Amino acid sequence: MGQYEAHRKRSQEPPEGETPHPPRRRRKRRRRRSPVGLILLCLVLAAGIAAGAGYFWYTGEVNGSRIQKESVEVEIPQGSGTAGIASILEEAGAIGNAQVFRFYSKYVAKADGTYQYGTFTLSPGEGYDSIIDDLQEVQQQLETVTLTFPEGYNAFQMGDVLEKAGLCTREEFITALNEHEFDLDFLDEVGSDPLKLVRLDGFLFPDTYEFYADEDVDSVILRMLRNFENRICTSENRAAMEKAGYSLEELAIFASIIQKESASVEEMYNVSSVFTNRLAAGSQYPRLESCTTNNYINDYIRPAYDNNPTQEVLTAYDTYDRSGFPVGAIANAGADAFDAALHPEKNTLDGEYYFFVTDVEYTHYYGRTYQEHLANIEKAKVVNRRYGIEGLVS
């Protein structure tokens, strides 16, 4: 052991006669607990309380326990949609929240489009289901008119049917389609291009309807639009639209052309296949070249412009003069034409075709090349001559 180390040892020993001091104990530092866990716990508890309170509030709103009134009388105007009805109910004190009623009506009760008009005596304390049941009851026996709109009718033709039945004039119908507002979500997807002849043409689902004899024009249109929403705006069609890359308006336009070009459901898929080939990126035939769009121009657009439309208006619909779709639908297609537009792969053709022509017997002749198409035109003319028709029919 060295001298320095020995000295250190001696200095650590207490002097003689003194009591040695016990070694000092180090105090353990108390760990500070992080407040994060406590904060999270408080937040979870607060969220749980809020969720529970929200659930009880919603339940009370729907079952009527939050409403003190025993009886409420409301007047529902003809043609009212769910949003308008909900506002009337809230203002009258029949419900507590119009937005909740709209949600419940659409997604839970699925009652949108079933409400009647007239004066109703409601029992708010019995809840939403009771109110909805009451609003679905016809208040009196009213005279009705049953009308059928064939697939492929455009707005002008539908207007003629309505005018003949005495519900409204053709002009009133077209004006409402162009200028009036309707409370349906899908209409946000419908464009308002000033070159369109009829804004909502293509979205009036062709079907058989039973109207009240005194039903106003907006109510008539709303029924057709709701039918379109229910029949066409399905989740399956939405998924197919996204896959095909079509907007809802493009789909309605495409379906309208397929409807007018086809004489049967089977031909719809073949026609769709030809047009889809033409619309494909890099196609050597990027124009649809559909005679039906020219028919629409001659029969409806020219008369609407006193037979003097601008070239811009003509080009907006002329598929011989523009690539892609026209600016608006030329008819109101049925469900089969929409399905054909979305599923051209269901065609019965044996290859990739870009042309077709029809004869007076509605036989379709399909061609892969322009040369084949010219030969098919001659075949169609031969058939037409048997009926005294020279040339083609469109």
# chains A, B, ... in the order shown; residues from 1 in each chain; ligands from 1
>>> select_by_dssp(residues="region 33-244 of chain A", states="helix (DSSP H, G or I)", output="ChimeraX atom specification")
/A:36-63,82-92,98-108,124-126,128-135,155-165,170-179,185-189,217-232,235-244
>>> closest_atom_pairs(of="region 262-361 of chain A", to="region 229-242 of chain A", cutoff="12 Å", atoms="only C-alpha atoms", output="Markdown table")
| residue | atom | partner | partner_atom | distance |
| --- | --- | --- | --- | --- |
| A:Asn332 | CA | A:Ile232 | CA | 11.8 |
| A:Ala333 | CA | A:Ile232 | CA | 10.3 |
| A:Gly334 | CA | A:Ile232 | CA | 9.0 |
| A:Ala335 | CA | A:Ile232 | CA | 6.9 |
| A:Asp336 | CA | A:Ile232 | CA | 10.2 |
| A:Ala337 | CA | A:Ile232 | CA | 10.6 |
| A:Phe338 | CA | A:Ile232 | CA | 7.6 |
| A:Asp339 | CA | A:Asn237 | CA | 8.0 |
| A:Ala340 | CA | A:Ala240 | CA | 11.1 |
| A:Ala341 | CA | A:Met241 | CA | 9.3 |
| A:Leu342 | CA | A:Ala240 | CA | 6.2 |
| A:His343 | CA | A:Ala240 | CA | 8.1 |
| A:Pro344 | CA | A:Ala240 | CA | 11.3 |
>>> atom_distance(atom1="CA of Thr319 (chain A)", atom2="CA of Tyr370 (chain A)")
17.4 Å
>>> closest_residue(among="A:Ser262, A:Ser80, A:Trp57, A:Thr119", to="Ile221 (chain A)", atoms="only C-alpha atoms")
A:Ser80
>>> closest_atom_pairs(of="region 43-128 of chain A", to="region 141-164 of chain A", cutoff="12 Å", atoms="only C-alpha atoms", output="JSON lines")
{"residue": "A:Gln116", "atom": "CA", "partner": "A:Leu142", "partner_atom": "CA", "distance": 11.5}
{"residue": "A:Tyr117", "atom": "CA", "partner": "A:Leu142", "partner_atom": "CA", "distance": 11.3}
{"residue": "A:Gly118", "atom": "CA", "partner": "A:Leu142", "partner_atom": "CA", "distance": 11.4}
>>> closest_residue(among="A:Val217, A:Gly388, A:Lys346, A:Arg322", to="Thr169 (chain A)", atoms="only C-alpha atoms")
A:Val217
